[in-house]
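Listing of upload25.txt, compact mmCIF, C-alpha atoms and all ligand atoms
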```
# COMPACT_ATOMS: atom_id res chain seq x y z
CA MET A 24 0.00 0.00 0.00
CA ILE A 25 1.00 3.61 -0.46
CA VAL A 26 0.58 5.12 3.00
CA THR A 27 0.76 8.86 3.72
CA VAL A 28 1.86 9.36 7.31
CA PHE A 29 0.71 12.67 8.83
CA SER A 30 2.23 14.44 11.88
CA THR A 31 5.44 12.46 11.40
CA LYS A 32 8.09 12.85 14.08
CA SER A 33 11.56 11.36 13.88
CA TRP A 34 10.55 8.37 16.02
CA ASP A 35 7.53 7.61 13.80
CA GLU A 36 9.74 7.39 10.74
CA GLN A 37 12.38 5.37 12.59
CA PHE A 38 10.02 2.80 14.14
CA LEU A 39 7.58 2.50 11.18
CA THR A 40 10.52 1.99 8.81
CA ALA A 41 11.93 -0.71 11.11
CA ALA A 42 8.54 -2.47 11.37
CA ASN A 43 7.67 -2.15 7.67
CA THR A 44 6.98 -5.25 5.64
CA HIS A 45 6.56 -3.82 2.14
CA HIS A 46 4.42 -0.67 2.26
CA ALA A 47 5.49 2.60 0.65
CA PHE A 48 5.37 5.16 3.45
CA ARG A 49 5.24 8.85 2.53
CA PHE A 50 6.27 10.69 5.68
CA LEU A 51 4.82 14.20 6.10
CA GLU A 52 5.40 16.52 9.05
CA ALA A 53 2.09 18.26 8.35
CA LYS A 54 -0.85 17.66 10.62
CA LEU A 55 -3.90 16.22 8.83
CA ASP A 56 -6.70 18.75 8.52
CA ALA A 57 -8.92 20.23 5.83
CA THR A 58 -5.98 22.16 4.33
CA THR A 59 -3.60 19.18 4.11
CA ALA A 60 -5.93 16.26 3.38
CA ALA A 61 -5.34 16.50 -0.39
CA LEU A 62 -1.65 15.70 0.19
CA ALA A 63 -2.81 12.10 0.57
CA ASN A 64 -4.22 11.97 -2.98
CA GLY A 65 -3.15 8.76 -4.67
CA SER A 66 -2.47 6.96 -1.37
CA ASP A 67 -4.23 3.78 -0.33
CA ALA A 68 -4.07 4.70 3.33
CA VAL A 69 -3.31 7.52 5.72
CA CYS A 70 -1.64 7.01 9.07
CA VAL A 71 -2.54 9.58 11.73
CA PHE A 72 -1.94 10.50 15.36
CA VAL A 73 -4.06 11.93 18.17
CA ASN A 74 -4.19 15.58 17.15
CA ASP A 75 -4.87 15.03 13.45
CA ASP A 76 -8.37 16.13 12.42
CA VAL A 77 -10.27 13.21 10.95
CA ASP A 78 -13.67 14.85 10.69
CA ALA A 79 -16.28 14.49 7.95
CA PRO A 80 -14.90 17.09 5.48
CA VAL A 81 -11.37 15.66 5.82
CA ILE A 82 -12.68 12.13 5.27
CA GLU A 83 -14.54 13.26 2.17
CA THR A 84 -11.33 14.74 0.71
CA LEU A 85 -9.39 11.59 1.59
CA ALA A 86 -12.01 9.37 -0.04
CA THR A 87 -12.10 11.52 -3.19
CA GLY A 88 -8.33 11.19 -3.40
CA GLY A 89 -8.51 7.40 -3.35
CA VAL A 90 -7.74 6.68 0.29
CA ARG A 91 -9.45 3.52 1.57
CA THR A 92 -7.95 3.06 5.02
CA ILE A 93 -7.28 5.29 8.04
CA ALA A 94 -4.65 3.76 10.32
CA LEU A 95 -4.53 5.38 13.76
CA ARG A 96 -1.26 5.31 15.67
CA SER A 97 -3.32 5.50 18.86
CA ALA A 98 -5.85 3.61 20.94
CA GLY A 99 -8.20 6.58 21.33
CA PHE A 100 -10.40 7.33 18.31
CA ASN A 101 -12.48 10.25 19.62
CA HIS A 102 -10.92 12.45 16.88
CA VAL A 103 -12.35 10.33 14.04
CA ASP A 104 -15.84 10.68 12.55
CA LEU A 105 -16.54 6.95 12.26
CA ALA A 106 -19.94 7.48 10.64
CA ALA A 107 -18.38 9.60 7.88
CA ALA A 108 -15.66 6.99 7.36
CA ALA A 109 -18.29 4.25 7.08
CA SER A 110 -20.40 6.24 4.65
CA HIS A 111 -17.38 6.67 2.35
CA GLY A 112 -16.38 3.00 2.76
CA LEU A 113 -13.10 3.76 4.56
CA ALA A 114 -11.76 1.23 7.05
CA VAL A 115 -10.50 2.65 10.35
CA VAL A 116 -7.93 0.64 12.29
CA ARG A 117 -6.24 1.50 15.57
CA VAL A 118 -3.64 0.28 18.06
CA PRO A 119 -5.83 -0.83 20.95
CA ALA A 120 -3.01 -1.73 23.32
CA TYR A 121 0.60 -0.78 23.60
CA SER A 122 2.42 -0.99 26.85
CA PRO A 123 -0.19 0.19 29.34
CA HIS A 124 2.85 0.41 31.63
CA ALA A 125 4.14 3.41 29.65
CA VAL A 126 1.06 5.51 30.46
CA ALA A 127 0.61 4.11 33.97
CA GLU A 128 4.24 4.79 34.91
CA HIS A 129 4.05 8.35 33.56
CA THR A 130 0.92 8.86 35.67
CA ILE A 131 2.94 7.86 38.73
CA ALA A 132 5.83 10.09 37.64
CA LEU A 133 3.42 13.04 37.63
CA LEU A 134 2.01 12.07 41.05
CA LEU A 135 5.41 11.77 42.71
CA THR A 136 6.89 14.84 41.04
CA LEU A 137 3.98 17.12 41.87
CA ASN A 138 3.64 15.86 45.43
CA ARG A 139 7.33 16.19 46.32
CA GLY A 140 8.17 19.12 44.03
CA THR A 141 11.15 17.38 42.45
CA HIS A 142 10.80 19.52 39.31
CA ARG A 143 11.06 22.69 41.43
CA ALA A 144 13.80 21.27 43.62
CA HIS A 145 15.90 20.41 40.56
CA ASN A 146 15.70 23.99 39.30
CA ARG A 147 16.44 25.43 42.75
CA VAL A 148 19.49 23.26 43.34
CA ARG A 149 20.91 24.21 39.93
CA GLU A 150 20.59 27.86 41.06
CA GLY A 151 22.34 27.11 44.35
CA ASN A 152 19.07 27.47 46.31
CA PHE A 153 18.77 24.66 48.82
CA ARG A 154 15.75 25.97 50.76
CA LEU A 155 12.82 23.58 51.26
CA ASP A 156 9.99 26.13 51.49
CA GLY A 157 7.12 25.14 49.22
CA LEU A 158 8.39 21.58 48.80
CA LEU A 159 6.39 20.04 51.66
CA GLY A 160 4.68 16.88 50.39
CA TRP A 161 2.63 14.14 52.00
CA ASP A 162 3.02 10.39 52.39
CA LEU A 163 1.11 8.39 49.81
CA GLU A 164 0.89 5.52 52.27
CA GLY A 165 -2.57 5.42 53.84
CA LYS A 166 -4.07 8.05 51.51
CA THR A 167 -7.01 7.23 49.24
CA ALA A 168 -6.57 7.09 45.48
CA GLY A 169 -9.64 7.03 43.23
CA VAL A 170 -9.07 5.45 39.82
CA VAL A 171 -11.68 6.36 37.18
CA GLY A 172 -11.58 3.74 34.42
CA THR A 173 -9.95 0.42 35.22
CA GLY A 174 -9.13 -0.96 31.78
CA LYS A 175 -5.61 -1.82 30.70
CA ILE A 176 -3.93 1.37 31.98
CA GLY A 177 -6.14 1.90 35.04
CA GLN A 178 -5.46 -1.66 36.18
CA VAL A 179 -1.68 -1.14 36.11
CA VAL A 180 -2.10 2.18 37.94
CA CYS A 181 -4.17 0.38 40.61
CA SER A 182 -1.45 -2.19 41.21
CA ILE A 183 1.33 0.44 41.47
CA LEU A 184 -0.74 2.57 43.87
CA LYS A 185 -1.42 -0.49 46.02
CA GLY A 186 2.34 -0.96 46.13
CA PHE A 187 2.66 2.45 47.81
CA GLY A 188 0.24 1.29 50.50
CA MET A 189 -2.56 3.54 49.29
CA ASP A 190 -6.23 2.73 49.83
CA VAL A 191 -7.35 2.40 46.23
CA ILE A 192 -11.00 2.73 45.18
CA ALA A 193 -12.34 2.65 41.63
CA PHE A 194 -15.18 3.66 39.39
CA ASP A 195 -15.90 1.96 36.07
CA PRO A 196 -19.29 1.02 34.59
CA PHE A 197 -17.66 -2.30 33.63
CA PRO A 198 -15.68 -3.55 36.64
CA ASN A 199 -12.48 -5.51 36.01
CA ASP A 200 -12.08 -8.81 37.89
CA GLN A 201 -8.30 -8.33 38.14
CA VAL A 202 -8.90 -5.07 39.98
CA THR A 203 -11.51 -6.57 42.29
CA GLY A 204 -9.00 -9.37 42.89
CA MET A 205 -6.53 -6.80 44.26
CA GLY A 206 -9.08 -6.02 46.97
CA ILE A 207 -10.05 -2.73 45.36
CA PRO A 208 -13.73 -1.81 45.82
CA TYR A 209 -15.80 -0.21 43.08
CA VAL A 210 -17.72 2.80 44.35
CA SER A 211 -19.98 5.40 42.78
CA LEU A 212 -18.32 8.35 41.05
CA GLU A 213 -19.79 10.65 43.71
CA ALA A 214 -18.25 8.57 46.53
CA LEU A 215 -14.91 8.51 44.70
CA PHE A 216 -14.88 12.30 44.33
CA ALA A 217 -15.90 12.75 47.98
CA THR A 218 -13.29 10.47 49.54
CA SER A 219 -10.17 10.55 47.34
CA ASP A 220 -6.91 12.37 48.06
CA VAL A 221 -5.75 11.55 44.52
CA ILE A 222 -8.10 11.19 41.54
CA THR A 223 -6.61 9.73 38.38
CA LEU A 224 -8.51 9.44 35.08
CA HIS A 225 -8.09 6.41 32.80
CA CYS A 226 -11.36 6.25 30.87
CA PRO A 227 -11.90 7.06 27.19
CA LEU A 228 -13.37 10.36 26.02
CA THR A 229 -16.98 9.72 25.03
CA PRO A 230 -20.16 11.81 25.20
CA ASP A 231 -20.65 10.26 28.69
CA THR A 232 -17.22 11.25 29.97
CA PHE A 233 -16.90 14.72 28.37
CA HIS A 234 -16.20 17.16 31.25
CA LEU A 235 -16.49 14.38 33.81
CA VAL A 236 -14.61 16.76 36.09
CA ASN A 237 -17.01 19.72 36.04
CA PRO A 238 -18.15 22.29 38.62
CA ASP A 239 -20.51 19.80 40.34
CA ALA A 240 -17.83 17.13 40.54
CA ILE A 241 -15.31 19.63 41.91
CA SER A 242 -17.70 20.86 44.58
CA ALA A 243 -18.20 17.21 45.65
CA MET A 244 -14.45 16.82 46.26
CA ALA A 245 -14.04 16.98 50.03
CA ARG A 246 -10.28 16.43 50.41
CA ALA A 247 -8.75 19.00 48.05
CA PRO A 248 -7.45 16.15 45.93
CA MET A 249 -4.66 16.04 43.41
CA ILE A 250 -6.30 15.37 40.03
CA ILE A 251 -4.23 13.58 37.39
CA ASN A 252 -5.29 13.27 33.75
CA THR A 253 -3.23 11.21 31.34
CA SER A 254 -6.24 10.14 29.24
CA ARG A 255 -7.91 12.82 27.14
CA GLY A 256 -8.03 16.56 27.83
CA ALA A 257 -11.78 17.04 27.52
CA LEU A 258 -12.44 14.74 30.47
CA ILE A 259 -11.78 17.91 32.48
CA ASP A 260 -13.59 21.23 32.24
CA THR A 261 -10.39 23.28 32.39
CA VAL A 262 -12.05 26.58 33.33
CA ALA A 263 -13.84 24.85 36.22
CA VAL A 264 -10.64 23.23 37.45
CA ILE A 265 -8.87 26.60 37.39
CA GLU A 266 -11.62 27.96 39.65
CA GLY A 267 -11.16 24.89 41.88
CA LEU A 268 -7.41 25.53 42.11
CA LYS A 269 -7.99 29.20 42.94
CA SER A 270 -10.46 28.36 45.73
CA GLY A 271 -8.35 25.48 47.06
CA GLN A 272 -11.11 22.95 46.39
CA VAL A 273 -8.64 21.22 44.05
CA GLY A 274 -5.32 20.65 45.79
CA ALA A 275 -3.11 20.09 42.77
CA LEU A 276 -3.40 19.22 39.08
CA ALA A 277 -1.19 17.09 36.85
CA LEU A 278 -1.97 16.93 33.15
CA ASP A 279 -0.45 15.09 30.22
CA VAL A 280 -3.41 16.05 28.04
CA TYR A 281 -5.37 19.27 27.59
CA GLU A 282 -8.69 19.84 25.87
CA GLU A 283 -7.24 22.35 23.37
CA GLU A 284 -3.86 20.64 23.03
CA GLY A 285 -4.19 20.28 19.25
CA ASP A 286 -2.84 23.79 18.72
CA LEU A 287 0.04 23.38 21.18
CA PHE A 288 1.42 19.95 21.87
CA PHE A 289 4.19 18.19 19.94
CA GLU A 290 5.57 21.49 18.60
CA ASP A 291 8.33 23.85 19.75
CA LEU A 292 6.46 27.08 20.47
CA SER A 293 9.18 28.58 22.65
CA ASN A 294 9.48 31.63 20.38
CA THR A 295 5.75 32.05 19.94
CA VAL A 296 3.22 34.03 21.96
CA ILE A 297 0.75 31.44 23.22
CA GLN A 298 -2.76 32.68 22.46
CA ASP A 299 -4.59 30.25 24.73
CA ASP A 300 -5.20 32.24 27.93
CA VAL A 301 -6.72 29.27 29.76
CA PHE A 302 -3.61 27.19 29.18
CA SER A 303 -1.39 30.13 30.08
CA ARG A 304 -3.26 30.56 33.37
CA LEU A 305 -2.66 26.90 34.20
CA LEU A 306 1.08 27.45 33.77
CA THR A 307 1.07 30.09 36.52
CA PHE A 308 0.07 27.78 39.38
CA PRO A 309 2.82 26.34 41.60
CA ASN A 310 0.66 23.25 42.15
CA VAL A 311 0.08 22.44 38.47
CA LEU A 312 2.37 20.17 36.47
CA ILE A 313 1.91 19.71 32.73
CA THR A 314 3.61 17.44 30.23
CA GLY A 315 2.81 17.54 26.51
CA HIS A 316 1.12 14.20 25.82
CA GLN A 317 4.20 12.11 26.42
CA ALA A 318 2.75 9.36 28.64
CA PHE A 319 2.89 6.86 25.76
CA PHE A 320 6.47 7.77 24.91
CA THR A 321 8.62 4.78 25.75
CA ARG A 322 10.68 2.70 23.32
CA GLU A 323 8.48 -0.31 23.99
CA ALA A 324 5.24 1.55 23.33
CA VAL A 325 6.45 3.34 20.19
CA ARG A 326 7.77 0.04 18.79
CA GLN A 327 4.43 -1.68 19.51
CA ILE A 328 2.49 1.17 17.89
CA ALA A 329 4.60 0.84 14.72
CA GLU A 330 4.38 -2.96 14.61
CA THR A 331 0.61 -3.05 15.16
CA THR A 332 0.09 -0.30 12.58
CA VAL A 333 2.00 -2.28 9.96
CA ALA A 334 0.14 -5.50 10.90
CA ASN A 335 -3.17 -3.61 10.56
CA LEU A 336 -2.19 -2.38 7.08
CA ASP A 337 -1.10 -5.92 6.09
CA ALA A 338 -4.45 -7.37 7.25
CA ILE A 339 -6.51 -4.76 5.40
CA GLU A 340 -4.45 -5.18 2.22
CA GLU A 341 -4.81 -8.96 2.32
CA GLY A 342 -8.56 -8.65 2.90
CA HIS A 343 -8.38 -10.46 6.27
CA ASP A 344 -10.63 -9.51 9.13
CA CYS A 345 -8.62 -6.97 11.08
CA GLU A 346 -9.31 -7.33 14.80
CA ASN A 347 -8.26 -3.73 15.31
CA GLN A 348 -10.81 -2.31 12.89
CA ILE A 349 -13.27 0.12 14.51
CA THR A 350 -16.79 0.40 13.22
CA THR A 351 -19.64 2.52 14.52
CA SER A 352 -21.43 -0.64 15.66
CA ALA A 353 -18.34 -1.94 17.51
CA VAL A 354 -17.79 1.24 19.54
CA GLY A 355 -20.02 0.19 22.45
CA GLU A 356 -18.29 -3.19 22.61
CA ILE A 357 -14.82 -1.58 22.51
CA GLU A 358 -15.74 0.70 25.41
CA ARG A 359 -16.91 -2.31 27.43
CA ARG A 360 -13.72 -4.38 26.87
P1 LIG B 1 -9.22 0.58 28.02
O1 LIG B 1 -10.24 0.54 26.93
O2 LIG B 1 -8.43 -0.67 28.31
O3 LIG B 1 -9.90 1.03 29.39
C1 LIG B 1 -10.82 2.07 29.48
C2 LIG B 1 -11.73 1.79 30.66
O4 LIG B 1 -12.59 2.92 30.83
C3 LIG B 1 -12.62 0.56 30.46
O5 LIG B 1 -12.51 -0.31 31.58
C4 LIG B 1 -14.02 1.15 30.37
O6 LIG B 1 -15.02 0.30 30.93
C5 LIG B 1 -13.85 2.41 31.20
N1 LIG B 1 -14.92 3.37 31.00
C6 LIG B 1 -15.72 3.54 29.91
N2 LIG B 1 -16.61 4.52 30.16
C7 LIG B 1 -16.37 4.97 31.42
C8 LIG B 1 -16.96 5.95 32.24
N3 LIG B 1 -18.02 6.66 31.82
N4 LIG B 1 -16.46 6.16 33.46
C9 LIG B 1 -15.41 5.42 33.92
N5 LIG B 1 -14.80 4.46 33.17
C10 LIG B 1 -15.28 4.25 31.94
O7 LIG B 1 -8.27 1.79 27.67
P2 LIG B 1 -6.78 2.04 28.18
O8 LIG B 1 -5.83 1.39 27.23
O9 LIG B 1 -6.69 1.73 29.62
O10 LIG B 1 -6.65 3.61 27.91
C11 LIG B 1 -7.40 4.53 28.71
C12 LIG B 1 -7.31 5.90 28.04
O11 LIG B 1 -5.97 6.37 28.13
C13 LIG B 1 -7.61 5.88 26.54
O12 LIG B 1 -8.99 6.05 26.30
C14 LIG B 1 -6.82 7.03 26.01
O13 LIG B 1 -7.66 8.15 25.91
C15 LIG B 1 -5.77 7.29 27.07
N6 LIG B 1 -4.39 7.14 26.59
C16 LIG B 1 -3.53 8.19 26.76
C17 LIG B 1 -2.22 8.08 26.34
C18 LIG B 1 -1.22 9.19 26.54
O14 LIG B 1 -0.14 9.15 25.94
N7 LIG B 1 -1.48 10.19 27.37
C19 LIG B 1 -1.78 6.90 25.72
C20 LIG B 1 -2.69 5.84 25.59
C21 LIG B 1 -4.00 5.96 26.02
```

Would you encode the structure as structure tokens?
Amino acid sequence: MIVTVFSTKSWDEQFLTAANTHHAFRFLEAKLDATTAALANGSDAVCVFVNDDVDAPVIETLATGGVRTIALRSAGFNHVDLAAAASHGLAVVRVPAYSPHAVAEHTIALLLTLNRGTHRAHNRVREGNFRLDGLLGWDLEGKTAGVVGTGKIGQVVCSILKGFGMDVIAFDPFPNDQVTGMGIPYVSLEALFATSDVITLHCPLTPDTFHLVNPDAISAMARAPMIINTSRGALIDTVAVIEGLKSGQVGALALDVYEEEGDLFFEDLSNTVIQDDVFSRLLTFPNVLITGHQAFFTREAVRQIAETTVANLDAIEEGHDCENQITTSAVGEIERR
């Protein structure tokens, strides 16, 4: 297949080339959107990442240009209009699992860093400032962690948090036996918000989970928790969480994802005036830590993404059933797995 790869970074080219069987990859740095979609004309497939726009007008342009397959280099598919893809006869395939440890371990890195201020301490020590003011943390041991979404990533997070001696509780409409087997109780979302010192989000972004952390949820939080989001930005109403941080209702916030990240993340904007005032406000808080969607970014995960993407393209080309194909009718089932 001729495959146009959008939003290519050096590691995409390196790992896709290493995993390639026989496809002709055309690597483009450009993000896929309405203005770039025609660059895929003449390709059999496009290969896209999380901040590419795969909405109905883009899909129409892709289909007109001969594209038959959309290969996602991600598990999440909230950025794809599946109905439009189906109506143009385009197959959509994804990478449902790649090292859940990568994302789970980054979640823990954010928790430990923000709690103990290691990022601030590092900068201070480099400046010859050895004072401890502002670095006071708290023991994780004995605190309550609420895990929202206990699929592949949430389950690993649960087991690491248990290792710290935390009391872990969970919410998921489809409980996971492995998690119950760790002695972790499932509770209502309201109870989780009310009793957690740490709240960490590991559910997909769907109409049900959009702004799951909203003003009502924040006012139900009784322990000024640290909220961690390594899933999808729009799980959190950012304006509401800023109000929560200002009032002290939210104790701290760690983000690897942001609802408007598409205009920011994965690029060097260090010489640019950032126009997003909400994001800029977040950067001013001493108790907010942000990384730019890097939770997936381990060698193991990037290699698995490339290998599964190539296997998906092989299966589609050979006309086999591709287990990683997403259809509108399979969405409910995927969310239950
Ligand atoms: P998964 O499908 O294995 O697990 C998701 C879990 O969420 C399932 O158990 C499901 O039942 C549950 N869920 C569905 N609706 C829910 C709701 N309303 N409330 C609570 N839970 C709900 O997915 P995963 O592999 O564990 O990934 C979780 C999320 O992490 C993905 O959806 C993706 O958005 C995100 N992710 C982020 C990165 C990153 O680099 N930051 C990388 C990979 C995945």

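Between CA of Thr229 (chain A) and CA of Asp56 (chain A) the separation is 21.4 Å.
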
Exercise for review: Pick out the residues sitting within 8 Å of Ala144 (chain A), and hand them over as a list in words; count only C-alpha atoms, and ignore anything fewer than 4 positions along from it in its own chain.
Suggested key: Gly140, Val148, Phe153 and Leu158 of chain A

Review point. Given a cut-off of 8 Å, what residues near ligand LIG 1 (chain B) show up using only C-alpha atoms and all ligand atoms, put as JSON, numbers by chain?
Key: {"A": [97, 98, 99, 119, 120, 121, 123, 125, 126, 171, 172, 173, 174, 175, 176, 177, 178, 194, 195, 196, 197, 198, 199, 224, 225, 226, 227, 228, 229, 231, 232, 253, 254, 255, 279, 280, 316, 317, 318, 319, 320, 357, 358, 359, 360]}

Restricting it to C-alpha atoms, dump the selection as an mmCIF file, in the frame of the given file.
```cif
data_model
loop_
_atom_site.group_PDB
_atom_site.id
_atom_site.type_symbol
_atom_site.label_atom_id
_atom_site.label_comp_id
_atom_site.auth_asym_id
_atom_site.auth_seq_id
_atom_site.Cartn_x
_atom_site.Cartn_y
_atom_site.Cartn_z
ATOM 1 C CA SER A 97 -3.320 5.500 18.860
ATOM 2 C CA ALA A 98 -5.850 3.610 20.940
ATOM 3 C CA GLY A 99 -8.200 6.580 21.330
ATOM 4 C CA PRO A 119 -5.830 -0.830 20.950
ATOM 5 C CA ALA A 120 -3.010 -1.730 23.320
ATOM 6 C CA TYR A 121 0.600 -0.780 23.600
ATOM 7 C CA PRO A 123 -0.190 0.190 29.340
ATOM 8 C CA ALA A 125 4.140 3.410 29.650
ATOM 9 C CA VAL A 126 1.060 5.510 30.460
ATOM 10 C CA VAL A 171 -11.680 6.360 37.180
ATOM 11 C CA GLY A 172 -11.580 3.740 34.420
ATOM 12 C CA THR A 173 -9.950 0.420 35.220
ATOM 13 C CA GLY A 174 -9.130 -0.960 31.780
ATOM 14 C CA LYS A 175 -5.610 -1.820 30.700
ATOM 15 C CA ILE A 176 -3.930 1.370 31.980
ATOM 16 C CA GLY A 177 -6.140 1.900 35.040
ATOM 17 C CA GLN A 178 -5.460 -1.660 36.180
ATOM 18 C CA PHE A 194 -15.180 3.660 39.390
ATOM 19 C CA ASP A 195 -15.900 1.960 36.070
ATOM 20 C CA PRO A 196 -19.290 1.020 34.590
ATOM 21 C CA PHE A 197 -17.660 -2.300 33.630
ATOM 22 C CA PRO A 198 -15.680 -3.550 36.640
ATOM 23 C CA ASN A 199 -12.480 -5.510 36.010
ATOM 24 C CA LEU A 224 -8.510 9.440 35.080
ATOM 25 C CA HIS A 225 -8.090 6.410 32.800
ATOM 26 C CA CYS A 226 -11.360 6.250 30.870
ATOM 27 C CA PRO A 227 -11.900 7.060 27.190
ATOM 28 C CA LEU A 228 -13.370 10.360 26.020
ATOM 29 C CA THR A 229 -16.980 9.720 25.030
ATOM 30 C CA ASP A 231 -20.650 10.260 28.690
ATOM 31 C CA THR A 232 -17.220 11.250 29.970
ATOM 32 C CA THR A 253 -3.230 11.210 31.340
ATOM 33 C CA SER A 254 -6.240 10.140 29.240
ATOM 34 C CA ARG A 255 -7.910 12.820 27.140
ATOM 35 C CA ASP A 279 -0.450 15.090 30.220
ATOM 36 C CA VAL A 280 -3.410 16.050 28.040
ATOM 37 C CA HIS A 316 1.120 14.200 25.820
ATOM 38 C CA GLN A 317 4.200 12.110 26.420
ATOM 39 C CA ALA A 318 2.750 9.360 28.640
ATOM 40 C CA PHE A 319 2.890 6.860 25.760
ATOM 41 C CA PHE A 320 6.470 7.770 24.910
ATOM 42 C CA ILE A 357 -14.820 -1.580 22.510
ATOM 43 C CA GLU A 358 -15.740 0.700 25.410
ATOM 44 C CA ARG A 359 -16.910 -2.310 27.430
ATOM 45 C CA ARG A 360 -13.720 -4.380 26.870
#
```

Exercise for review: Would you list the contacts of Gln298 (chain A) as a PyMOL selection string, taking every protein, DNA or RNA residue within 12 Å and counting all atoms listed in the file, but skipping same-chain residues closer than 6 positions in sequence?
Suggested key: chain A and resi 283+286-287+292+304

Find the spatial neighbours of Ile207 (chain A), counting all atoms listed in the file, within a cut-off of 12 Å - ignore same-chain residues fewer than 4 positions away - and output them as a CSV table (one decimal) with C-alpha atoms, in the coordinates of the input.
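Final file, around_35.csv:
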```
chain,number,residue,atom,x,y,z
A,167,THR,CA,-7.0,7.2,49.2
A,168,ALA,CA,-6.6,7.1,45.5
A,169,GLY,CA,-9.6,7.0,43.2
A,170,VAL,CA,-9.1,5.4,39.8
A,173,THR,CA,-10.0,0.4,35.2
A,177,GLY,CA,-6.1,1.9,35.0
A,178,GLN,CA,-5.5,-1.7,36.2
A,180,VAL,CA,-2.1,2.2,37.9
A,181,CYS,CA,-4.2,0.4,40.6
A,182,SER,CA,-1.4,-2.2,41.2
A,184,LEU,CA,-0.7,2.6,43.9
A,185,LYS,CA,-1.4,-0.5,46.0
A,189,MET,CA,-2.6,3.5,49.3
A,190,ASP,CA,-6.2,2.7,49.8
A,191,VAL,CA,-7.4,2.4,46.2
A,192,ILE,CA,-11.0,2.7,45.2
A,193,ALA,CA,-12.3,2.6,41.6
A,194,PHE,CA,-15.2,3.7,39.4
A,195,ASP,CA,-15.9,2.0,36.1
A,198,PRO,CA,-15.7,-3.6,36.6
A,199,ASN,CA,-12.5,-5.5,36.0
A,200,ASP,CA,-12.1,-8.8,37.9
A,201,GLN,CA,-8.3,-8.3,38.1
A,202,VAL,CA,-8.9,-5.1,40.0
A,203,THR,CA,-11.5,-6.6,42.3
```

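Closest to Ala257 (chain A) among A:Arg117, A:Arg96, A:His234, A:Arg147 is A:His234, based on only C-alpha atoms.
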
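In this structure, CA of Arg91 (chain A) sits 17.8 Å away from CA of Val118 (chain A).
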
Check your understanding: Which value, in Å to one decimal, gives the distance between CA of Ala245 (chain A) and CA of Gly315 (chain A)?
Key -> 28.9 Å
